[in-house]
Amino acid sequence: MNISISSRKKAVAYLFLAPSLIVFGVFVFYPIGFALWASFTDWSLINQSPNFLQWANYSRLLADSRFWNAVKNTLYYTLGVVPVGTVISLCVAIAVNQRIRGIEIFRTIYFLPVITSTAIIAIVWTFLFDPDIGLLAYYLKFLGFTTQGWLRDPNYAMPAVILVSIWKNMGFNMVIFLAGLQSISESLYEAASIDGANSWHSFWYVTLPQLRPTLTFVIVMSMISSFQVFDQVYVMTRGGPLFRTETVVQYIYHHGFETFQMSYASTVAIALLLVVLILTILQLRVLDRDIN
Amino acid sequence: MRKRVFIALALVLILIMGTTCVSAKTVLTFWNGYTGPDRAVLESLVAEFNESQSEIEIVMDIQPWDSLFQKLLPSLVIGSGPDIAAFASENIPQYAAAGVLSPVDDFYAGDYLDVDKLVPAAVENGIFDGKHYGVPMDFATLLMYYNKDHFAAAGLPEEPPKNWDEFKEYLLKLTNAPEQYGLAIAVKETIPMWPILLWGNGGGILTRDGEVLIDSAETKEAMKFWADLVMNHKVSPIGLTGAEADKLFQSGKASIEIVGPWMTNGFTEAGLNYDVAPVPEGPAGPVTLGTSVNLVLSKQAGEDSQKREAAFKFYAFWNSPETQVKWALGSGFPPTRTDLLDHPEIVEHPWVPKFAAVAPYAQFYLQGTEKFREIETSIFVPALEAILYGVQDVDTALDEAGVKLRQLVK
Amino acid sequence: MVKVNYGSSRSIMRITLIVFLSFLAVFMLFPFIWLLMTSIKPEAEIVTYPPKLWPTRITFKAYVDIWKAIPFARFFVNTVVFACGVTIISLLFDSFSAYAFARLSFPGRDILFLVILITLMIPFQVTMVPLFALLHKLGWLNTYAALIIPRASNAFGIFLLRQFFKGIPIELEDSAFVDGASTWCIYWKIIMPLSKPALATLTIFHFMYNWNDFLWPLIMTTSMNMRTLPTGLALFMGKHVVEYALLMAGVVLSLIPITAAYLSAQKYFVQGIAMTGLKG
């Protein structure tokens, strides 16, 4: 039998991919396809015989000022969380990568927020942020600051949510960077120092390039998950006050479970998906060039 | 030998089938959202029902209301939902319109229970499109909780305020923001408090018959009165959720809160020296909020005559005098029946009689409309916030809200 | 990092580092201290003004009551089965796919990778209902199958491992290939052992994400005895009344296994890669 090498290679590749693809096909792409279909109809749980609406949902979306407000808020959130969070996590990862005794304690502490559920974290922070009976406002009073309440103030609510997200995710990205840092071969650093490089040169010419795949991952994943933020917002502000923290997924929830217009919610979700997809493609194109 | 084994097996099989047939219980699945301290009381009463007879077993599944609502409608539509469920009566139109509930007019027509003794408002708000869909499970009213120590410290009489003028006077004396607030009133994620203030002047949002009141002169007047007190005299913080308002009163930072009977345990445990009184009367007369969680029967279960019968028996048990006394004493809620006010144990309870006493003038909030959730989150609360945060003045905000509301309920 | 001897300025750097890390640690820990204190306070002391961090009276009542208040043990078992099941299967499936994307060439590879990333870009709120209906049709509702199988692979893991695999020097695989090793052999005997830090990281993430997941197990189960810890803890949250002490005690108890898992995986983070293959 003469199976060509390339077709055998292809077969092997597909074999490796098969388990994941089957799971995705049934349990992810089918629902996504359903959502796509729903976005062209007026389907809802209450109206079980939907009509085909063609582009009506989409034109409604484009004219929907509350949707654009949600987009603006989501962008604000993403720009607040991703750059700052990534830089801080990288610095901390490098800091805890040192061979100092007891450094594991710091690593564990920084990881605690990550292993706690977002909803609980949001409940705890909401209590702490309370301007009347919360500890933060109480301590700040001794330093001379008074506040009307961060989560109740339309201008400070989003920054407060951003702060909590950065706090929560720092350990997450730190651990990923650590895995990346740990796999950089010592020999590369030795070679660099033999060539006369100081720590800054080592960082710039050895660490960063070797970390590129990891960095790509962190930035792309942070961006994707920031665009979909929901839990913190839902628990801490429900999208208020005055819709200033309403993110796109919060708006999807509103239409999915408060007005029960699932089809419109699906429309918003498909629009979100397209935006995130385009941004991801752009980022991958810029960041994910092969390093070998 | 083989023949004997065969006969033995056959006998065993018959025995098994026989026993399963004989002990065929009707099992009813029951979903509700009674998390928190009330759960223990509910579970013990349901256990009592299960133990008191062997034909019916109620299996409960309790989740927080938020997630319950996310799951309940899809489950009922798909067919994997519960046989009975309980939720606040304003949800009934949505579920009835989706066709997943079974009308229960025959419960009211039958003699399962002396239904004329049930709180009328709780029953009325379970009616949609001319049919009964709900049977009351609980009934609550809101009263004004006040901190007696604060009154004394401010030099106020022990008697709580009876009308809006006195209310204003007390609030101004009690407020010393941000150290102490006269009132803790919640704007969102709460049992409705602001609507009571609007009703007090004859205003409102939307009546059961579909009349839009949110931009009426009375509503605007009431709104201006209270917005002035909150914004200019700072009698209450702005933007509170229900839980935050409760915490404010509980920590002693607010002197007055208008809320339901479920808070009494927490406030007592906190050691507050407080009492409750009817909400001060506005120009339109005494009014407060009433709310009722209703028991509903799923369409599927309703078509099974055994399950239907079993459900009705449970409804009758739940609303029987004995059960309602235990429920009231355990949860602090007033009973769903009007004939228990003279019951010795009820009379002695420090709070239940007071909450029950205001039932005659308790109004319900946004009933009879499928869109109530949208009205609350997209129209009323945003208008309220726009006013209180100073983004819009009262007339503009309420006029705009009126336009949106008319559009929505057309 | 490279050890270069700069004498005393190195100790200064070290001290500054420790100071910076300590401040950060306090910022990270503070909410947890509040959480822990709340779990050992009597309920009446939790909502007070002025707020107090430290309890005046310590009570472990919440830790005792919680086992009766909810079927904590049952929820615990379910959560363990769910989280472990997903983690183990996912590690396998994700690493298979990640290897294919990182090292094997086949037509449409990059497009397919993007397609897989798409699975991350759609929020649960819109996929919930069709997925729920599908699992109902399959008859899987309220079983471990419904909880685990839809999660048996996920793009996050595939992406993470792909990036990591891409960073492994290709010379190792090339020499094995020249020696006649099959793709599977290279994957299992070379790539996987070298990827311990990434695999350990992914284990923690999968385990922790599913351990804490609230909505998914809630929606896909229809009876209390299949529920998991997060849904159990939610029973302490009423609309107005939150039973803070019980809730925080539950959180502390449920943090213990994940912390233990993290600590045992820690040593894989520390382990450097023995690049003996390269040097030799």
# chains A, B, ... in the order shown; residues from 1 in each chain; ligands from 1

$ residues_around --residues "Tyr95 of chain B" --least-positions-apart "4" --cutoff "8 Å" --atoms "only C-alpha atoms" --output "PyMOL selection string"
(chain A and resi 46) or (chain B and resi 73+91+99-101)

$ closest_atom_pairs --of "chain C" --to "chain B" --cutoff "9 Å" --atoms "only C-alpha atoms" --output "CSV"
residue,atom,partner,partner_atom,distance
C:Glu43,CA,B:Glu269,CA,7.9
C:Ala44,CA,B:Ala270,CA,4.6
C:Glu45,CA,B:Ala270,CA,7.3
C:Val47,CA,B:Ser251,CA,5.6
C:Thr48,CA,B:Ser251,CA,4.3
C:Tyr49,CA,B:Ser251,CA,5.1
C:Pro50,CA,B:Ser251,CA,8.0
C:Pro51,CA,B:Ser251,CA,8.7
C:Ala69,CA,B:Ala40,CA,8.2
C:Val129,CA,B:Pro74,CA,6.6
C:Phe132,CA,B:Pro74,CA,8.2
C:Ala133,CA,B:Ile78,CA,6.4
C:His136,CA,B:Ser80,CA,7.3
C:Leu141,CA,B:Ser80,CA,8.6
C:Leu215,CA,B:Ser67,CA,7.8
C:Leu218,CA,B:Ser67,CA,8.1
C:Ile219,CA,B:Lys71,CA,6.2
C:Thr222,CA,B:Asp61,CA,7.8
C:Ser223,CA,B:Asp61,CA,6.1
C:Met224,CA,B:Asp61,CA,5.9
C:Thr231,CA,B:Gln63,CA,7.5
C:Gly232,CA,B:Gln63,CA,8.6
C:Ala234,CA,B:Pro64,CA,6.6
C:Leu235,CA,B:Thr35,CA,4.8
C:Phe236,CA,B:Gly36,CA,4.9
C:Met237,CA,B:Gly36,CA,5.7
C:Gly238,CA,B:Gly36,CA,4.8
C:Lys239,CA,B:Ala243,CA,7.4
C:His240,CA,B:Ala243,CA,4.8
C:Val241,CA,B:Gly36,CA,6.4
C:Val242,CA,B:Gly36,CA,6.5
C:Glu243,CA,B:Gly36,CA,6.5

$ atom_distance --atom1 "atom CA of Asp179 of chain C" --atom2 "atom CA of Ser183 of chain A"
25.0 Å

$ closest_atom_pairs --of "chain B" --to "chain A" --cutoff "7 Å" --atoms "only C-alpha atoms" --output "tab-separated table"
residue	atom	partner	partner_atom	distance
B:Gln70	CA	A:Phe257	CA	6.3
B:Pro74	CA	A:Leu45	CA	6.8
B:Val77	CA	A:Leu45	CA	7.0
B:Ala97	CA	A:Ile46	CA	6.9
B:Ala98	CA	A:Ile46	CA	4.3
B:Gly239	CA	A:Arg152	CA	5.4
B:Lys371	CA	A:Thr259	CA	6.9
B:Arg373	CA	A:Glu258	CA	5.8
B:Glu374	CA	A:Thr259	CA	5.6
B:Pro382	CA	A:Leu242	CA	6.0
B:Glu385	CA	A:Leu242	CA	6.3
B:Ala386	CA	A:Leu242	CA	6.8

$ closest_residue --among "A:Ile32, A:Leu17, A:Met170, A:Val81" --to "Ala269 of chain A" --atoms "only C-alpha atoms"
A:Ile32

$ interface_residues --of "chain C" --to "chain A" --cutoff "6 Å" --atoms "only C-alpha atoms" --output "list in words"
Tyr49, Pro51, Phe93, Phe96, Ser97, Ala100, Phe106, Met121, Ile122, Val126, Thr127, Pro130, Leu131, Pro150, Ser153, Gln163, Pro197, Ala198, Met208, Asn212, Gly272 and Ile273 of chain C

$ select_by_dssp --residues "segment 128-162 of chain B" --states "strand (DSSP E)" --output "ChimeraX atom specification"
/B:128,131-132,134-136,140-141,143-147

$ write_last_selection --atoms "N, CA and C atoms" --output "compact mmCIF listing (two decimals), in the first residue's frame"
# COMPACT_ATOMS: atom_id res chain seq x y z
N PHE B 128 -54.46 36.34 35.82
CA PHE B 128 -54.00 36.93 34.57
C PHE B 128 -54.97 36.52 33.49
N LYS B 131 -57.98 34.42 34.42
CA LYS B 131 -57.90 33.11 35.07
C LYS B 131 -56.96 33.18 36.26
N HIS B 132 -57.26 32.31 37.24
CA HIS B 132 -56.34 32.19 38.37
C HIS B 132 -55.15 31.34 37.96
N GLY B 134 -52.24 31.55 40.22
CA GLY B 134 -51.43 31.42 41.42
C GLY B 134 -52.26 31.19 42.66
N VAL B 135 -51.65 30.53 43.63
CA VAL B 135 -52.22 30.40 44.96
C VAL B 135 -51.19 31.02 45.90
N PRO B 136 -51.62 31.88 46.82
CA PRO B 136 -50.63 32.58 47.66
C PRO B 136 -49.72 31.63 48.41
N ALA B 140 -46.37 39.79 52.16
CA ALA B 140 -45.59 40.68 53.01
C ALA B 140 -45.99 42.12 52.73
N THR B 141 -45.83 42.95 53.73
CA THR B 141 -46.05 44.38 53.55
C THR B 141 -44.81 45.10 54.04
N LEU B 143 -43.24 48.18 56.29
CA LEU B 143 -43.52 49.13 57.36
C LEU B 143 -42.31 50.02 57.56
N MET B 144 -42.51 51.08 58.32
CA MET B 144 -41.40 51.97 58.61
C MET B 144 -40.72 51.50 59.89
N TYR B 145 -39.47 51.08 59.73
CA TYR B 145 -38.68 50.74 60.90
C TYR B 145 -38.02 52.02 61.39
N TYR B 146 -38.01 52.24 62.70
CA TYR B 146 -37.32 53.43 63.17
C TYR B 146 -36.50 53.11 64.41
N ASN B 147 -35.42 53.82 64.53
CA ASN B 147 -34.46 53.61 65.60
C ASN B 147 -34.82 54.51 66.78

$ residues_around --residues "segment 183-195 of chain C" --least-positions-apart "2" --cutoff "8 Å" --atoms "only C-alpha atoms" --output "ChimeraX atom specification"
/A:12 /C:99,164-165,168,172-173,176-177,181,197-199,273

$ write_last_selection --atoms "C-alpha atoms" --output "compact mmCIF listing (two decimals), in the first residue's frame"
# COMPACT_ATOMS: atom_id res chain seq x y z
CA VAL A 12 -2.24 12.03 12.07
CA TYR C 99 0.51 19.82 19.50
CA PHE C 164 4.21 26.81 25.06
CA PHE C 165 4.92 24.01 22.61
CA ILE C 168 10.30 24.36 22.74
CA LEU C 172 14.80 18.13 19.95
CA GLU C 173 11.96 16.93 17.83
CA ALA C 176 13.94 12.31 17.39
CA PHE C 177 12.21 12.34 14.03
CA ALA C 181 10.15 8.25 16.24
CA PRO C 197 5.28 24.00 33.91
CA ALA C 198 2.60 24.71 31.31
CA LEU C 199 0.73 21.53 32.12
CA ILE C 273 13.80 22.60 32.25

$ closest_residue --among "B:Asp399, B:Glu90, B:Asp114, B:Asp275" --to "Phe317 of chain B" --atoms "only C-alpha atoms"
B:Asp114

$ residues_around --residues "segment 400-410 of chain B" --least-positions-apart "2" --cutoff "8 Å" --atoms "only C-alpha atoms" --output "list in words"
Gly210, Val212, Leu213, Ile214, Asp215, Lys371, Ile375, Ile379, Phe380, Ala383, Thr396, Ala397 and Leu398 of chain B

$ select_by_dssp --residues "segment 116-176 of chain C" --states "helix (DSSP H, G or I)" --output "PyMOL selection string"
chain C and resi 116-118+124-138+144-151+155-166+170-176

$ write_last_selection --atoms "N, CA and C atoms" --output "compact mmCIF listing (two decimals), in the first residue's frame"
# COMPACT_ATOMS: atom_id res chain seq x y z
N ILE C 116 -11.24 27.80 16.39
CA ILE C 116 -11.29 27.30 17.76
C ILE C 116 -11.30 28.46 18.76
N LEU C 117 -10.55 29.50 18.44
CA LEU C 117 -10.55 30.65 19.35
C LEU C 117 -11.93 31.28 19.43
N ILE C 118 -12.69 31.15 18.35
CA ILE C 118 -14.03 31.72 18.35
C ILE C 118 -14.88 31.17 19.50
N PHE C 124 -21.83 33.02 27.58
CA PHE C 124 -22.66 31.89 27.97
C PHE C 124 -24.14 32.22 27.90
N GLN C 125 -24.47 33.48 28.14
CA GLN C 125 -25.88 33.85 28.19
C GLN C 125 -26.64 33.47 26.93
N VAL C 126 -25.98 33.49 25.78
CA VAL C 126 -26.72 33.14 24.56
C VAL C 126 -26.57 31.68 24.17
N THR C 127 -25.54 31.01 24.64
CA THR C 127 -25.42 29.60 24.28
C THR C 127 -26.14 28.71 25.28
N MET C 128 -26.53 29.31 26.39
CA MET C 128 -27.10 28.53 27.47
C MET C 128 -28.36 27.79 27.06
N VAL C 129 -29.30 28.51 26.46
CA VAL C 129 -30.59 27.88 26.18
C VAL C 129 -30.48 26.77 25.14
N PRO C 130 -29.83 27.00 23.98
CA PRO C 130 -29.74 25.88 23.03
C PRO C 130 -28.97 24.69 23.60
N LEU C 131 -27.92 24.99 24.38
CA LEU C 131 -27.14 23.90 24.96
C LEU C 131 -27.99 23.11 25.96
N PHE C 132 -28.74 23.84 26.72
CA PHE C 132 -29.63 23.25 27.71
C PHE C 132 -30.64 22.33 27.02
N ALA C 133 -31.22 22.83 25.93
CA ALA C 133 -32.19 22.01 25.20
C ALA C 133 -31.53 20.76 24.63
N LEU C 134 -30.31 20.91 24.13
CA LEU C 134 -29.60 19.77 23.55
C LEU C 134 -29.33 18.70 24.60
N LEU C 135 -28.84 19.13 25.77
CA LEU C 135 -28.53 18.16 26.80
C LEU C 135 -29.79 17.48 27.32
N HIS C 136 -30.88 18.22 27.29
CA HIS C 136 -32.15 17.61 27.69
C HIS C 136 -32.54 16.52 26.70
N LYS C 137 -32.36 16.83 25.41
CA LYS C 137 -32.69 15.83 24.39
C LYS C 137 -31.82 14.59 24.52
N LEU C 138 -30.54 14.80 24.86
CA LEU C 138 -29.64 13.67 25.02
C LEU C 138 -29.95 12.89 26.29
N TYR C 144 -23.32 13.61 35.67
CA TYR C 144 -21.96 14.11 35.54
C TYR C 144 -21.59 14.30 34.08
N ALA C 145 -22.18 13.46 33.20
CA ALA C 145 -21.88 13.57 31.78
C ALA C 145 -22.18 14.97 31.27
N ALA C 146 -23.33 15.49 31.68
CA ALA C 146 -23.72 16.83 31.22
C ALA C 146 -22.75 17.88 31.72
N LEU C 147 -22.21 17.67 32.91
CA LEU C 147 -21.32 18.67 33.47
C LEU C 147 -19.96 18.61 32.79
N ILE C 148 -19.47 17.39 32.54
CA ILE C 148 -18.08 17.23 32.15
C ILE C 148 -17.87 17.24 30.64
N ILE C 149 -18.66 16.50 29.91
CA ILE C 149 -18.34 16.28 28.50
C ILE C 149 -18.35 17.56 27.67
N PRO C 150 -19.32 18.46 27.83
CA PRO C 150 -19.24 19.69 27.04
C PRO C 150 -17.99 20.51 27.34
N ARG C 151 -17.36 20.24 28.47
CA ARG C 151 -16.16 20.99 28.84
C ARG C 151 -14.90 20.19 28.59
N ALA C 155 -10.67 26.03 24.32
CA ALA C 155 -9.72 26.78 23.50
C ALA C 155 -8.66 27.45 24.34
N PHE C 156 -9.00 27.80 25.55
CA PHE C 156 -8.01 28.43 26.43
C PHE C 156 -6.81 27.49 26.61
N GLY C 157 -7.12 26.23 26.92
CA GLY C 157 -6.05 25.27 27.13
C GLY C 157 -5.27 25.01 25.86
N ILE C 158 -5.98 24.93 24.75
CA ILE C 158 -5.31 24.67 23.48
C ILE C 158 -4.37 25.82 23.16
N PHE C 159 -4.86 27.03 23.33
CA PHE C 159 -4.06 28.20 23.05
C PHE C 159 -2.81 28.24 23.94
N LEU C 160 -3.02 28.05 25.24
CA LEU C 160 -1.90 28.11 26.19
C LEU C 160 -0.81 27.11 25.82
N LEU C 161 -1.26 25.86 25.58
CA LEU C 161 -0.27 24.84 25.30
C LEU C 161 0.38 25.03 23.94
N ARG C 162 -0.38 25.50 22.97
CA ARG C 162 0.21 25.76 21.65
C ARG C 162 1.36 26.75 21.77
N GLN C 163 1.11 27.84 22.50
CA GLN C 163 2.17 28.83 22.65
C GLN C 163 3.39 28.21 23.33
N PHE C 164 3.11 27.41 24.33
CA PHE C 164 4.21 26.81 25.06
C PHE C 164 4.99 25.84 24.19
N PHE C 165 4.25 24.99 23.46
CA PHE C 165 4.92 24.01 22.61
C PHE C 165 5.76 24.71 21.55
N LYS C 166 5.25 25.83 21.06
CA LYS C 166 5.99 26.55 20.03
C LYS C 166 7.33 27.02 20.55
N ILE C 170 13.02 23.34 18.33
CA ILE C 170 12.59 22.31 17.39
C ILE C 170 13.66 21.24 17.17
N GLU C 171 14.90 21.58 17.56
CA GLU C 171 15.97 20.61 17.33
C GLU C 171 15.70 19.27 18.02
N LEU C 172 15.06 19.37 19.20
CA LEU C 172 14.80 18.13 19.95
C LEU C 172 13.92 17.18 19.15
N GLU C 173 12.88 17.79 18.58
CA GLU C 173 11.96 16.93 17.83
C GLU C 173 12.59 16.46 16.53
N ASP C 174 13.34 17.36 15.90
CA ASP C 174 13.96 16.99 14.64
C ASP C 174 14.87 15.79 14.83
N SER C 175 15.67 15.81 15.89
CA SER C 175 16.60 14.68 16.06
C SER C 175 15.83 13.40 16.36
N ALA C 176 14.73 13.52 17.11
CA ALA C 176 13.94 12.31 17.39
C ALA C 176 13.31 11.79 16.11

$ atom_distance --atom1 "atom CA of Ala157 of chain A" --atom2 "atom CA of Trp54 of chain C"
27.8 Å

$ atom_distance --atom1 "atom CA of Val178 of chain C" --atom2 "atom CA of Pro107 of chain C"
23.5 Å
